[in-house]
Structure formats: C-alpha cells, structure tokens
>>> print(open('query.txt').read())   # compact mmCIF, C-alpha atoms (C1' of nucleotides)
# COMPACT_ATOMS: atom_id res chain seq x y z
CA MET A 23 197.33 -140.25 -13.84
CA LYS A 24 194.07 -138.45 -14.42
CA LEU A 25 192.20 -138.52 -17.68
CA ALA A 26 192.45 -134.78 -18.39
CA GLU A 27 196.18 -134.83 -17.83
CA ALA A 28 196.65 -137.92 -19.97
CA ARG A 29 194.60 -136.42 -22.79
CA THR A 30 196.71 -133.27 -22.80
CA GLU A 31 199.90 -135.29 -22.83
CA PHE A 32 198.67 -137.46 -25.68
CA ILE A 33 197.62 -134.45 -27.73
CA THR A 34 200.95 -132.73 -27.21
CA LYS A 35 203.00 -135.77 -28.08
CA TRP A 36 200.90 -136.79 -31.06
CA GLY A 37 201.29 -133.22 -32.29
CA ALA A 38 205.07 -133.40 -32.10
CA PHE A 39 205.09 -136.85 -33.67
CA GLY A 40 202.84 -135.80 -36.52
CA SER A 41 205.06 -132.90 -37.39
CA HIS A 42 207.70 -135.42 -38.47
CA TRP A 43 205.18 -136.97 -40.80
CA GLY A 44 204.14 -134.22 -43.16
CA ILE A 45 201.27 -133.24 -40.92
CA ASN A 46 201.68 -129.96 -39.09
CA ARG A 47 201.52 -129.60 -35.37
CA THR A 48 198.02 -128.19 -35.03
CA MET A 49 196.70 -130.60 -37.62
CA ALA A 50 198.09 -133.54 -35.67
CA GLN A 51 196.71 -132.12 -32.43
CA VAL A 52 193.25 -131.77 -33.88
CA HIS A 53 193.57 -135.32 -35.08
CA ALA A 54 194.68 -136.50 -31.65
CA LEU A 55 191.80 -134.71 -29.96
CA LEU A 56 189.28 -136.29 -32.28
CA LEU A 57 190.85 -139.72 -31.87
CA ILE A 58 190.28 -139.67 -28.13
CA SER A 59 186.86 -138.03 -28.17
CA ALA A 60 183.90 -140.33 -27.99
CA ASP A 61 181.51 -137.87 -29.63
CA PRO A 62 181.82 -135.66 -32.69
CA LEU A 63 183.22 -132.19 -31.93
CA SER A 64 182.36 -128.85 -33.47
CA GLN A 65 184.93 -126.38 -34.68
CA ASP A 66 184.32 -124.31 -31.55
CA ASP A 67 184.92 -127.30 -29.30
CA ILE A 68 188.23 -127.84 -31.04
CA MET A 69 189.24 -124.17 -30.83
CA GLU A 70 188.46 -124.14 -27.17
CA GLN A 71 190.10 -127.40 -26.22
CA LEU A 72 193.29 -126.69 -28.14
CA ASN A 73 193.42 -122.92 -27.72
CA VAL A 74 193.79 -122.17 -31.37
CA SER A 75 192.21 -119.46 -33.46
CA ARG A 76 189.18 -119.88 -35.64
CA GLY A 77 191.16 -119.66 -38.90
CA ASN A 78 193.73 -122.13 -37.75
CA ALA A 79 191.17 -124.65 -36.59
CA ASN A 80 189.25 -124.30 -39.82
CA MET A 81 192.29 -124.73 -42.03
CA ASN A 82 193.51 -127.80 -40.26
CA ILE A 83 190.15 -129.53 -40.01
CA ARG A 84 189.89 -129.00 -43.75
CA ALA A 85 193.36 -130.43 -44.31
CA LEU A 86 192.50 -133.48 -42.23
CA MET A 87 189.43 -134.04 -44.38
CA ASP A 88 191.62 -133.77 -47.50
CA TRP A 89 193.86 -136.43 -46.07
CA GLY A 90 190.84 -138.61 -45.48
CA LEU A 91 191.46 -138.83 -41.74
CA VAL A 92 188.47 -136.86 -40.54
CA GLU A 93 184.85 -136.69 -41.62
CA ARG A 94 182.11 -134.17 -41.23
CA VAL A 95 179.01 -135.49 -39.49
CA ILE A 96 175.65 -133.90 -39.35
CA ILE A 97 173.85 -133.91 -36.06
CA PRO A 98 170.09 -133.57 -36.44
CA GLY A 99 168.80 -130.37 -34.99
CA GLU A 100 172.24 -128.77 -34.91
CA ARG A 101 173.13 -125.94 -37.20
CA ARG A 102 176.88 -126.37 -36.78
CA GLU A 103 179.08 -128.97 -38.37
CA PHE A 104 180.68 -131.68 -36.30
CA PHE A 105 183.73 -133.78 -36.97
CA VAL A 106 184.95 -137.28 -36.17
CA ALA A 107 188.24 -139.04 -36.84
CA GLU A 108 188.59 -142.50 -38.25
CA LYS A 109 189.42 -144.52 -35.15
CA ASP A 110 190.84 -147.67 -36.72
CA ILE A 111 194.59 -147.13 -36.50
CA TRP A 112 195.35 -149.50 -39.35
CA LYS A 113 193.11 -147.44 -41.59
CA VAL A 114 194.73 -144.25 -40.38
CA ALA A 115 198.18 -145.62 -41.17
CA THR A 116 197.28 -146.90 -44.63
CA GLN A 117 195.49 -143.68 -45.43
CA ILE A 118 198.57 -141.66 -44.51
CA LEU A 119 200.74 -144.04 -46.53
CA ARG A 120 198.44 -143.71 -49.50
CA GLU A 121 198.47 -139.90 -49.38
CA ARG A 122 202.18 -139.56 -48.88
CA LYS A 123 202.87 -142.00 -51.68
CA LYS A 124 200.72 -139.89 -53.96
CA ARG A 125 202.16 -136.56 -52.84
CA GLU A 126 205.82 -137.37 -52.45
CA PHE A 127 206.90 -140.74 -53.68
CA ASP A 128 205.15 -140.91 -57.04
CA PRO A 129 206.43 -137.49 -58.18
CA MET A 130 209.96 -138.40 -57.13
CA MET A 131 209.80 -141.62 -59.13
CA LYS A 132 208.55 -139.72 -62.14
CA THR A 133 211.56 -137.45 -61.91
CA VAL A 134 213.89 -140.39 -61.57
CA GLU A 135 212.40 -142.02 -64.62
CA SER A 136 212.80 -138.85 -66.63
CA LEU A 137 216.50 -138.86 -65.80
CA GLU A 138 217.16 -142.35 -67.03
CA ASN A 139 218.43 -141.63 -70.48
CA ILE A 140 221.10 -139.03 -70.70
CA GLU A 141 223.44 -138.14 -73.52
CA GLY A 142 227.18 -138.19 -73.34
CA ASP A 143 230.26 -140.29 -72.85
CA LYS A 144 229.18 -143.55 -71.30
CA LYS A 145 232.73 -144.25 -70.22
CA ASP A 146 232.99 -141.15 -68.06
CA LYS A 147 232.95 -142.22 -64.42
CA ASN A 148 230.50 -139.59 -63.29
CA HIS A 149 228.21 -140.45 -66.17
CA LYS A 150 228.39 -144.07 -65.14
CA GLN A 151 227.79 -143.32 -61.48
CA PHE A 152 224.82 -141.16 -62.36
CA THR A 153 223.06 -143.77 -64.45
CA GLU A 154 223.83 -146.45 -61.90
CA THR A 155 222.37 -144.39 -59.07
CA ILE A 156 219.28 -143.53 -61.07
CA SER A 157 218.69 -147.08 -62.12
CA SER A 158 219.11 -148.48 -58.64
CA ILE A 159 216.72 -145.90 -57.23
CA LYS A 160 214.26 -146.88 -59.92
CA THR A 161 214.54 -150.57 -59.11
CA PHE A 162 214.19 -149.90 -55.43
CA GLY A 163 211.24 -147.62 -56.10
CA ARG A 164 209.40 -150.26 -58.09
CA GLN A 165 209.72 -152.71 -55.24
CA ALA A 166 208.66 -150.16 -52.66
CA ASP A 167 205.74 -149.24 -54.84
CA ARG A 168 204.48 -152.80 -54.99
CA MET A 169 204.95 -153.23 -51.30
CA MET A 170 202.97 -150.09 -50.51
CA ASP A 171 200.20 -151.19 -52.81
CA VAL A 172 199.90 -154.49 -51.06
CA MET A 173 199.76 -152.83 -47.67
CA VAL A 174 197.27 -150.22 -48.68
CA LYS A 175 194.95 -152.74 -50.21
CA ALA A 176 195.24 -155.39 -47.56
CA ASP A 177 193.10 -155.37 -44.54
CA GLU A 178 194.85 -155.41 -41.26
CA ASN A 179 194.36 -158.94 -40.14
CA TRP A 180 195.25 -160.49 -43.40
CA PHE A 181 198.33 -158.41 -43.90
CA ILE A 182 199.86 -158.39 -40.47
CA GLY A 183 198.75 -161.95 -39.80
CA SER A 184 200.38 -163.32 -42.92
CA LEU A 185 203.46 -161.23 -42.64
CA MET A 186 204.09 -162.18 -39.06
CA LYS A 187 203.56 -165.86 -39.60
CA PHE A 188 205.87 -165.65 -42.57
CA PHE A 189 208.66 -163.86 -40.77
CA LYS A 190 208.43 -165.73 -37.50
CA MET B 2 219.42 -134.34 -71.67
CA LYS B 3 222.98 -133.54 -70.73
CA LEU B 4 224.67 -134.95 -67.67
CA ALA B 5 225.23 -131.59 -65.95
CA GLU B 6 221.60 -130.67 -66.36
CA ALA B 7 220.40 -134.06 -65.17
CA ARG B 8 222.65 -133.89 -62.11
CA THR B 9 221.27 -130.49 -61.15
CA GLU B 10 217.72 -131.70 -61.59
CA PHE B 11 218.36 -134.78 -59.51
CA ILE B 12 219.98 -132.78 -56.71
CA THR B 13 217.12 -130.30 -56.63
CA LYS B 14 214.42 -132.94 -56.57
CA TRP B 15 216.16 -135.18 -54.08
CA GLY B 16 216.53 -132.10 -51.89
CA ALA B 17 212.81 -131.38 -52.01
CA PHE B 18 211.97 -135.03 -51.46
CA GLY B 19 214.32 -135.34 -48.50
CA SER B 20 212.73 -132.39 -46.79
CA HIS B 21 209.58 -134.47 -46.37
CA TRP B 22 211.62 -137.13 -44.64
CA GLY B 23 213.18 -135.45 -41.64
CA ILE B 24 216.25 -134.54 -43.62
CA ASN B 25 216.62 -130.90 -44.45
CA ARG B 26 216.98 -129.54 -47.94
CA THR B 27 220.71 -128.89 -47.97
CA MET B 28 221.39 -132.14 -46.20
CA ALA B 29 219.46 -134.04 -48.84
CA GLN B 30 221.22 -132.11 -51.60
CA VAL B 31 224.63 -132.94 -50.21
CA HIS B 32 223.50 -136.53 -50.04
CA ALA B 33 222.27 -136.43 -53.63
CA LEU B 34 225.51 -134.91 -54.84
CA LEU B 35 227.57 -137.59 -53.14
CA LEU B 36 225.28 -140.34 -54.43
CA ILE B 37 225.97 -139.38 -58.03
CA SER B 38 229.66 -138.60 -57.64
CA ALA B 39 232.06 -141.36 -58.55
CA ASP B 40 234.87 -140.03 -56.37
CA PRO B 41 234.97 -138.74 -52.80
CA LEU B 42 234.38 -134.99 -52.52
CA SER B 43 235.90 -132.48 -50.13
CA GLN B 44 233.89 -129.95 -48.19
CA ASP B 45 235.05 -127.27 -50.64
CA ASP B 46 233.88 -129.33 -53.62
CA ILE B 47 230.47 -129.58 -51.99
CA MET B 48 230.31 -125.88 -51.14
CA GLU B 49 231.18 -124.99 -54.68
CA GLN B 50 228.89 -127.43 -56.45
CA LEU B 51 225.88 -126.59 -54.31
CA ASN B 52 226.59 -122.91 -53.64
CA VAL B 53 226.30 -123.15 -49.92
CA SER B 54 228.36 -121.55 -47.20
CA ARG B 55 231.14 -123.20 -45.30
CA GLY B 56 229.16 -123.45 -42.07
CA ASN B 57 226.14 -124.90 -43.76
CA ALA B 58 228.14 -127.49 -45.67
CA ASN B 59 229.96 -128.47 -42.54
CA MET B 60 226.83 -128.83 -40.45
CA ASN B 61 225.03 -130.95 -42.97
CA ILE B 62 227.94 -133.22 -43.78
CA ARG B 63 228.17 -133.83 -40.07
CA ALA B 64 224.45 -134.57 -39.82
CA LEU B 65 224.71 -137.03 -42.71
CA MET B 66 227.50 -138.80 -40.90
CA ASP B 67 225.34 -138.93 -37.76
CA TRP B 68 222.61 -140.54 -39.80
CA GLY B 69 225.13 -143.10 -41.08
CA LEU B 70 224.57 -142.11 -44.70
CA VAL B 71 227.96 -140.57 -45.40
CA GLU B 72 231.48 -141.53 -44.43
CA ARG B 73 234.73 -139.68 -44.18
CA VAL B 74 237.51 -141.13 -46.32
CA ILE B 75 241.16 -140.35 -46.14
CA ILE B 76 242.99 -139.89 -49.37
CA PRO B 77 246.68 -140.59 -49.01
CA GLY B 78 248.75 -137.50 -49.58
CA GLU B 79 245.79 -135.16 -49.07
CA ARG B 80 245.48 -132.98 -46.07
CA ARG B 81 241.76 -132.40 -46.46
CA GLU B 82 238.96 -134.75 -45.57
CA PHE B 83 236.85 -136.32 -48.25
CA PHE B 84 233.37 -137.78 -48.09
CA VAL B 85 231.44 -140.55 -49.81
CA ALA B 86 227.81 -141.66 -49.58
CA GLU B 87 226.65 -145.20 -49.16
CA LYS B 88 225.53 -146.05 -52.70
CA ASP B 89 223.40 -149.12 -52.01
CA ILE B 90 219.86 -147.74 -51.96
CA TRP B 91 218.52 -150.58 -49.86
CA LYS B 92 221.11 -149.79 -47.20
CA VAL B 93 220.25 -146.10 -47.42
CA ALA B 94 216.56 -146.85 -46.94
CA THR B 95 217.05 -149.22 -44.01
CA GLN B 96 219.47 -146.83 -42.40
CA ILE B 97 216.94 -144.01 -42.61
CA LEU B 98 214.24 -146.32 -41.27
CA ARG B 99 216.46 -147.35 -38.38
CA GLU B 100 217.26 -143.75 -37.45
CA ARG B 101 213.73 -142.48 -37.71
CA LYS B 102 212.43 -145.39 -35.70
CA LYS B 103 214.92 -144.55 -32.99
CA ARG B 104 214.28 -140.80 -33.06
CA GLU B 105 210.54 -140.66 -33.53
CA PHE B 106 208.70 -143.92 -33.29
CA ASP B 107 210.28 -145.41 -30.17
CA PRO B 108 209.75 -142.27 -28.05
CA MET B 109 206.13 -142.05 -29.23
CA MET B 110 205.52 -145.64 -28.22
CA LYS B 111 207.08 -145.00 -24.84
CA THR B 112 204.64 -142.14 -24.33
CA VAL B 113 201.72 -144.28 -25.40
CA GLU B 114 202.72 -146.99 -22.97
CA SER B 115 202.96 -144.50 -20.15
CA LEU B 116 199.37 -143.46 -20.84
CA GLU B 117 197.94 -146.92 -20.61
CA ASN B 118 196.71 -146.93 -17.06
CA ILE B 119 194.71 -143.97 -16.01
CA GLU B 120 192.52 -143.40 -13.01
CA GLY B 121 188.87 -142.58 -13.09
CA ASP B 122 185.46 -143.73 -14.04
CA LYS B 123 185.82 -146.60 -16.48
CA LYS B 124 182.25 -146.16 -17.58
CA ASP B 125 182.73 -142.59 -18.81
CA LYS B 126 182.65 -142.60 -22.59
CA ASN B 127 185.68 -140.35 -23.01
CA HIS B 128 187.61 -142.47 -20.57
CA LYS B 129 186.66 -145.52 -22.55
CA GLN B 130 187.54 -143.93 -25.88
CA PHE B 131 190.89 -142.82 -24.54
CA THR B 132 191.94 -146.23 -23.29
CA GLU B 133 190.70 -147.85 -26.47
CA THR B 134 192.66 -145.46 -28.66
CA ILE B 135 195.81 -145.88 -26.60
CA SER B 136 195.55 -149.63 -26.60
CA SER B 137 194.97 -149.88 -30.33
CA ILE B 138 197.92 -147.59 -31.03
CA LYS B 139 200.00 -149.80 -28.79
CA THR B 140 198.94 -152.96 -30.61
CA PHE B 141 199.56 -151.39 -33.97
CA GLY B 142 202.91 -150.09 -32.76
CA ARG B 143 204.07 -153.51 -31.65
CA GLN B 144 203.31 -154.94 -35.05
CA ALA B 145 204.99 -152.05 -36.86
CA ASP B 146 207.98 -152.44 -34.61
CA ARG B 147 208.44 -156.09 -35.49
CA MET B 148 208.01 -155.34 -39.15
CA MET B 149 210.64 -152.62 -39.07
CA ASP B 150 213.03 -154.88 -37.24
CA VAL B 151 212.67 -157.54 -39.88
CA MET B 152 213.27 -155.06 -42.66
CA VAL B 153 216.22 -153.43 -41.05
CA LYS B 154 217.90 -156.72 -40.36
CA ALA B 155 217.12 -158.39 -43.65
CA ASP B 156 219.35 -157.98 -46.62
CA GLU B 157 217.74 -156.72 -49.72
CA ASN B 158 217.52 -159.84 -51.80
CA TRP B 159 216.21 -161.98 -49.07
CA PHE B 160 213.64 -159.51 -47.95
CA ILE B 161 212.27 -158.22 -51.20
CA GLY B 162 212.63 -161.57 -52.88
CA SER B 163 210.64 -163.39 -50.24
CA LEU B 164 208.09 -160.70 -49.83
CA MET B 165 207.39 -160.46 -53.51
CA LYS B 166 207.14 -164.16 -54.04
CA PHE B 167 204.82 -164.31 -51.09
CA PHE B 168 202.53 -161.57 -52.28
CA LYS B 169 202.53 -162.48 -55.92
C1' DA C 1 257.18 -124.35 -31.80
C1' DT C 2 255.32 -122.04 -35.86
C1' DG C 3 252.09 -120.91 -39.17
C1' DA C 4 249.52 -122.38 -43.20
C1' DA C 5 245.76 -125.40 -44.16
C1' DC C 6 241.77 -126.89 -42.81
C1' DT C 7 237.52 -127.57 -39.65
C1' DT C 8 234.15 -126.04 -36.35
C1' DT C 9 231.34 -122.78 -34.00
C1' DC C 10 228.08 -119.22 -33.36
C1' DA C 11 225.59 -114.74 -33.44
C1' DC C 12 222.98 -112.81 -36.62
C1' DA C 13 220.32 -112.59 -41.14
C1' DA C 14 217.23 -114.52 -44.36
C1' DA C 15 213.75 -117.58 -45.65
C1' DG C 16 209.93 -120.31 -44.77
C1' DT C 17 205.92 -121.74 -42.10
C1' DT C 18 202.17 -121.29 -39.06
C1' DT C 19 198.85 -118.62 -36.57
C1' DT C 20 195.83 -114.94 -35.81
C1' DG C 21 191.68 -112.26 -36.10
C1' DA C 22 188.82 -109.51 -38.43
C1' DA C 23 186.23 -109.06 -42.61
C1' DA C 24 183.74 -111.36 -46.37
C1' DA C 25 180.93 -115.00 -47.78
C1' DT C 26 177.57 -118.43 -47.05
C1' DT C 27 173.73 -120.75 -44.98
C1' DC C 28 169.34 -121.20 -43.11
C1' DA C 29 165.18 -120.36 -40.00
C1' DG C 30 161.48 -117.51 -39.71
C1' DC D 3 163.63 -111.76 -48.23
C1' DT D 4 166.24 -110.65 -43.76
C1' DG D 5 169.52 -111.10 -40.40
C1' DA D 6 171.72 -114.10 -37.06
C1' DA D 7 174.66 -118.04 -37.00
C1' DT D 8 178.31 -120.17 -38.97
C1' DT D 9 182.14 -120.98 -42.13
C1' DT D 10 185.85 -119.39 -45.09
C1' DT D 11 189.45 -116.38 -46.56
C1' DC D 12 193.53 -113.71 -46.30
C1' DA D 13 197.01 -110.18 -45.09
C1' DA D 14 199.82 -109.32 -41.51
C1' DA D 15 202.33 -110.94 -37.28
C1' DA D 16 204.70 -114.36 -34.72
C1' DC D 17 207.45 -118.03 -34.71
C1' DT D 18 210.67 -121.61 -36.43
C1' DT D 19 214.12 -123.26 -39.20
C1' DT D 20 217.92 -122.78 -42.06
C1' DG D 21 221.93 -120.44 -43.89
C1' DT D 22 225.88 -117.15 -43.63
C1' DG D 23 230.54 -115.79 -42.88
C1' DA D 24 233.84 -114.25 -39.94
C1' DA D 25 236.34 -115.66 -36.03
C1' DA D 26 238.09 -119.25 -33.12
C1' DG D 27 239.98 -123.69 -32.87
C1' DT D 28 242.64 -127.62 -34.46
C1' DT D 29 246.00 -130.19 -37.00
C1' DC D 30 250.20 -131.18 -38.98
C1' DA D 31 254.48 -130.54 -41.97
C1' DT D 32 258.52 -128.38 -41.30
>>> encode(input="query.txt", output="structure tokens")
Amino acid sequence: MKLAEARTEFITKWGAFGSHWGINRTMAQVHALLLISADPLSQDDIMEQLNVSRGNANMNIRALMDWGLVERVIIPGERREFFVAEKDIWKVATQILRERKKREFDPMMKTVESLENIEGDKKDKNHKQFTETISSIKTFGRQADRMMDVMVKADENWFIGSLMKFFK
Amino acid sequence: MKLAEARTEFITKWGAFGSHWGINRTMAQVHALLLISADPLSQDDIMEQLNVSRGNANMNIRALMDWGLVERVIIPGERREFFVAEKDIWKVATQILRERKKREFDPMMKTVESLENIEGDKKDKNHKQFTETISSIKTFGRQADRMMDVMVKADENWFIGSLMKFFK
DNA sequence: ATGAACTTTCACAAAGTTTTGAAAATTCAG
DNA sequence: CTGAATTTTCAAAACTTTGTGAAAGTTCAT
C-alpha cells in the first residue's frame, strides 16, 4: 500500500472513530491529518487536504485547541498560523479523558448527588428502588472518579507498567 | 424534592448523558426509567411514562436488549411482554465497555494494523511520521485492550478493591 | 380457524447537527 | 495610516439522525 492511500484511509477511519467519542467527524479528521504530518500545517493546507470549507476548518481547528489536542505554532517569516497535534498517544488519550470527565461525567455526578435525598414514603418500592439506584451510581461514580484521576495524573510508563505487572 | 420530580430529572439527565456514549437519547431514557422502576414495565408503560411513540419505544427497547442492558421477563398470566434493566451498575458499565470495544475499538485497531506496512521511501519525513503514529497507536491499543479485558472479566469488588488498594 | 391482543416495520416528518461561503473583523508590512 | 493577507463569524443549506403512527405481521386463547 502506498503512503497517500494509507494516509487517506487513516484519516477516514479516524474520523469515523472520533465521531463515537464526542469529537465530530471533521474535527477528528483534522486531528488525524495533523497526527501523521511531520511538519506544522496551515489552515489552507488542511482545507485543501481534507476538502473542507474555510469556516469548517477554522471551527474545528479551534475546537481541537480547546480540547488541548492541537497547538498553534509560529513559523518565523510566515504571516499565517500553523498547527501541530500532540503526537504522544498516551497524552492524547488522557487529555480526551480529562475533557470528557469535565464535560460529561462531573455534571452527571452533580445531578446524581442532588437527587440523593428525596421526600416521601421510604417503604414505597419505587421510592426504595430510586434511592438504591442513585446511591449505587454515586458509589460507582466515586470509584470511577478516583480511577480517572490516577490515570490522568500518571505518566504512561508508570501507569501501564504497574497495572500490567499487577494484573499479570 | 418529591419522588416524581426526581424521577423525571434523573430520566432527563441520564438521557442527555447517554447520548454522549453511543446510546441515543430515548434509549438512555428507557434505560433510566427501567433502572429506577422496582417492577418490570410493559412497552405501553414505557410509552406512556416517557411520551414516546410505539415504534420508537419498540426500537429502543430492542436496542437495549441488543446491548445486553435490558431483559424481557414473562409475567405469568400476562399476555404482554415486560422488561427489566440490569440494576448492578458495575455490570452495566462493563457491559457497555464490552459492546463499545467490540463495535468501535476492535475495528479501529484492525484498520491500524492493516496500515502498518506501507511501501515507499523510508527516509521521507511524512512516511516516517506515518509509521511512527501507526505504531504508537498500535502499542497503545494493545495496552488498552488488555486493560479492558481485565476490567470486563473482573467482578466489581475484586477489581475496584485491588485497584484502589494498589493506588492508595 | 378466528379474531382480539400485542409486536414489528417502514415511509415519511421533525429535529438536530454540520458545512458552506461570503461578509466582517483583525492583523501587519510598508 | 492604508490595504492586502489572514482569520473569524454567522445565516442559510445540506445532511444525518431520530421519532411518528398507521399498517402489516404475529401470537394465542377459545
């Protein structure tokens, strides 16, 4: 397989994969393109290589910077802005975990906590089921929370190394 | 806060949360409703409590069964089918992990593996960057794969217990 | 075998999301 | 300053996903 072909395939598949992960298709494709590009790319490079409009490219580059997956670099003598992706996959994964925890998980846990104490007949079976469900989600959430923290703070070798030895 | 109110809030929020997780809004709402219901519910109960159409309810109950999160139960003397959700949150989480791994992660890794060997000038910097990216995704993927396997196979107390002691 | 009860399907409608491209805003060299 | 290069915004269009409800299909007690 030729490089050009392989690059296209990777970009397409990473795009589809990303769309399952709270990252939209174009955003994931821009990310894929930057991951496999040795040099920083300008917005026009990205538009051209992915065949997307100016607005779309701009929006998604911005979103990738918000997620902390892409950085702006300044090339001396160049007026335009260039972009590079973080290439260390462990960092990419923990960064995504961190963001999604903040955006989705933490708010959900806040809601769950706010639903812990409800009035009414504690003998009613639906009342009982409700409080049991809420409290088990809360317990599970606390554990997941700690686990995510550990992962996000650990560096790759320490974390995976220890975990794998442990679970061998 | 009253039970009815709290139930509605929980269903709404779980619905929004689920939609970030490859589970659509109605599907997550049906799941939420079943999680907090002490008794099995019929399709009509679900339609009524969530204000959704027959077709929609049917489709999403079916999808939840596909995901292994909901089961059909037969109530003696009743013609209709009833449904219950798995209430153990750890089982719910590992089941979702298992399904998403199968549907999204495994195919992505297969693609990555197929892109490992490409022709061309190994000195070209984009060629080099491409193979490096692919190989680091592959390495990361193998580790993630083993980790998911351990989680999915472990039972809650063993897994969380050990992990937490370990990382204390 | 019949038909009432119940479940499934599917074409179309509604809702939601993403993309476009042109116009407005900003930046910067001269 | 000025104006060319570049970036940002945003309303409308295209596309995608989800939901509806009526009709078709199935099941089962009689």
>>> closest_residue(input="query.txt", among="B:Ile47, B:Ile135, B:Leu42, B:Ala58", to="chain C", atoms="all atoms listed in the file")
B:Ala58
>>> closest_atom_pairs(input="query.txt", of="chain A", to="chain B", cutoff="9 Å", atoms="only C-alpha atoms", output="CSV")
residue,atom,partner,partner_atom,distance
A:Met23,CA,B:Ile119,CA,5.0
A:Lys24,CA,B:Glu120,CA,5.4
A:Leu25,CA,B:Ile119,CA,6.2
A:Ala28,CA,B:Leu116,CA,6.2
A:Arg29,CA,B:Phe131,CA,7.6
A:Glu31,CA,B:Leu116,CA,8.4
A:Phe32,CA,B:Val113,CA,7.5
A:Lys35,CA,B:Met109,CA,7.1
A:Trp36,CA,B:Met109,CA,7.6
A:Phe39,CA,B:Glu105,CA,6.7
A:His42,CA,B:Gly23,CA,6.3
A:Trp43,CA,B:Trp22,CA,7.5
A:Gly44,CA,B:His21,CA,6.3
A:Leu57,CA,B:Thr134,CA,6.8
A:Ile58,CA,B:Phe131,CA,4.8
A:Ser59,CA,B:Asn127,CA,5.8
A:Ala60,CA,B:Asn127,CA,5.3
A:Asp61,CA,B:Asn127,CA,8.2
A:Lys109,CA,B:Thr134,CA,7.3
A:Asp110,CA,B:Ser137,CA,7.9
A:Ile111,CA,B:Ile138,CA,6.4
A:Trp112,CA,B:Phe141,CA,7.1
A:Glu126,CA,B:Phe18,CA,6.7
A:Phe127,CA,B:Phe18,CA,8.0
A:Met130,CA,B:Phe18,CA,6.9
A:Thr133,CA,B:Lys14,CA,7.6
A:Val134,CA,B:Phe11,CA,7.5
A:Leu137,CA,B:Ala7,CA,6.2
A:Asn139,CA,B:Met2,CA,7.5
A:Ile140,CA,B:Met2,CA,5.1
A:Glu141,CA,B:Lys3,CA,5.4
A:Gly142,CA,B:Lys3,CA,6.8
A:Lys147,CA,B:Ala39,CA,6.0
A:Asn148,CA,B:Ala39,CA,5.3
A:His149,CA,B:Leu4,CA,6.7
A:Lys150,CA,B:Ala39,CA,8.0
A:Gln151,CA,B:Ala39,CA,5.5
A:Phe152,CA,B:Ile37,CA,4.8
A:Thr153,CA,B:Ile37,CA,8.3
A:Glu154,CA,B:Ile37,CA,8.3
A:Thr155,CA,B:Ile37,CA,6.3
A:Ile156,CA,B:Ile37,CA,8.4
A:Ser158,CA,B:Ile90,CA,6.8
A:Ile159,CA,B:Ile90,CA,6.4
A:Phe162,CA,B:Ile90,CA,7.0
A:Gln165,CA,B:Ile161,CA,7.3
A:Ala166,CA,B:Ile161,CA,9.0
A:Arg168,CA,B:Met165,CA,8.3
A:Met169,CA,B:Met165,CA,7.9
A:Val172,CA,B:Phe168,CA,7.7
A:Ile182,CA,B:Gln144,CA,7.3
A:Leu185,CA,B:Met148,CA,8.2
A:Met186,CA,B:Met148,CA,7.9
A:Phe188,CA,B:Phe167,CA,8.7
A:Phe189,CA,B:Val151,CA,7.5
>>> interface_residues(input="query.txt", of="chain C", to="chain B", cutoff="12 Å", atoms="only C-alpha atoms (C1' of nucleotides)", output="list of chain:residue names")
C:DA4, C:DA5, C:DC6, C:DT7, C:DT8, C:DT9, C:DC10
>>> write_last_selection(input="query.txt", atoms="C-alpha atoms (C1' of nucleotides)", output="PDB file, keeping the file's coordinate frame")
ATOM      1  C1'  DA C   4     249.520-122.380 -43.200  1.00  0.00           C
ATOM      2  C1'  DA C   5     245.760-125.400 -44.160  1.00  0.00           C
ATOM      3  C1'  DC C   6     241.770-126.890 -42.810  1.00  0.00           C
ATOM      4  C1'  DT C   7     237.520-127.570 -39.650  1.00  0.00           C
ATOM      5  C1'  DT C   8     234.150-126.040 -36.350  1.00  0.00           C
ATOM      6  C1'  DT C   9     231.340-122.780 -34.000  1.00  0.00           C
ATOM      7  C1'  DC C  10     228.080-119.220 -33.360  1.00  0.00           C
TER       8       DC C  10
END
>>> closest_residue(input="query.txt", among="B:Asn57, B:Ser136, B:Ser43, B:Asn52", to="chain D", atoms="all atoms listed in the file")
B:Asn57
>>> closest_atom_pairs(input="query.txt", of="chain D", to="chain A", cutoff="9 Å", atoms="all atoms listed in the file", output="Markdown table")
| residue | atom | partner | partner_atom | distance |
| --- | --- | --- | --- | --- |
| D:DA7 | C1' | A:Arg101 | CA | 8.0 |
| D:DT8 | C1' | A:Arg102 | CA | 6.7 |
| D:DT9 | C1' | A:Asn80 | CA | 8.2 |
| D:DT10 | C1' | A:Asn80 | CA | 8.0 |
| D:DT11 | C1' | A:Gly77 | CA | 8.5 |
>>> atom_distance(input="query.txt", atom1="CA of Asp171 (chain A)", atom2="CA of Glu135 (chain A)")
19.3 Å
>>> atom_distance(input="query.txt", atom1="CA of Lys144 (chain A)", atom2="CA of Gln50 (chain B)")
21.9 Å
>>> closest_residue(input="query.txt", among="B:Gly16, B:Pro41, B:Thr95, B:Leu51", to="Val74 (chain B)", atoms="only C-alpha atoms")
B:Pro41
>>> atom_distance(input="query.txt", atom1="CA of Arg47 (chain A)", atom2="CA of Lys103 (chain B)")
20.2 Å
>>> residues_near_point(input="query.txt", point="(221.0, -131.4, -45.4)", cutoff="8 Å", atoms="only C-alpha atoms (C1' of nucleotides)", output="number ranges by chain")
B: 16, 24-32, 61-62, 64-65
>>> residues_around(input="query.txt", residues="DG3 (chain C)", least_positions_apart="3", cutoff="12 Å", atoms="all atoms listed in the file", output="mmCIF file with C-alpha atoms (C1' of nucleotides), in the frame of the given file")
data_model
loop_
_atom_site.group_PDB
_atom_site.id
_atom_site.type_symbol
_atom_site.label_atom_id
_atom_site.label_comp_id
_atom_site.auth_asym_id
_atom_site.auth_seq_id
_atom_site.Cartn_x
_atom_site.Cartn_y
_atom_site.Cartn_z
ATOM 1 C "C1'" DT D 29 246.000 -130.190 -37.000
ATOM 2 C "C1'" DC D 30 250.200 -131.180 -38.980
ATOM 3 C "C1'" DA D 31 254.480 -130.540 -41.970
ATOM 4 C "C1'" DT D 32 258.520 -128.380 -41.300
#
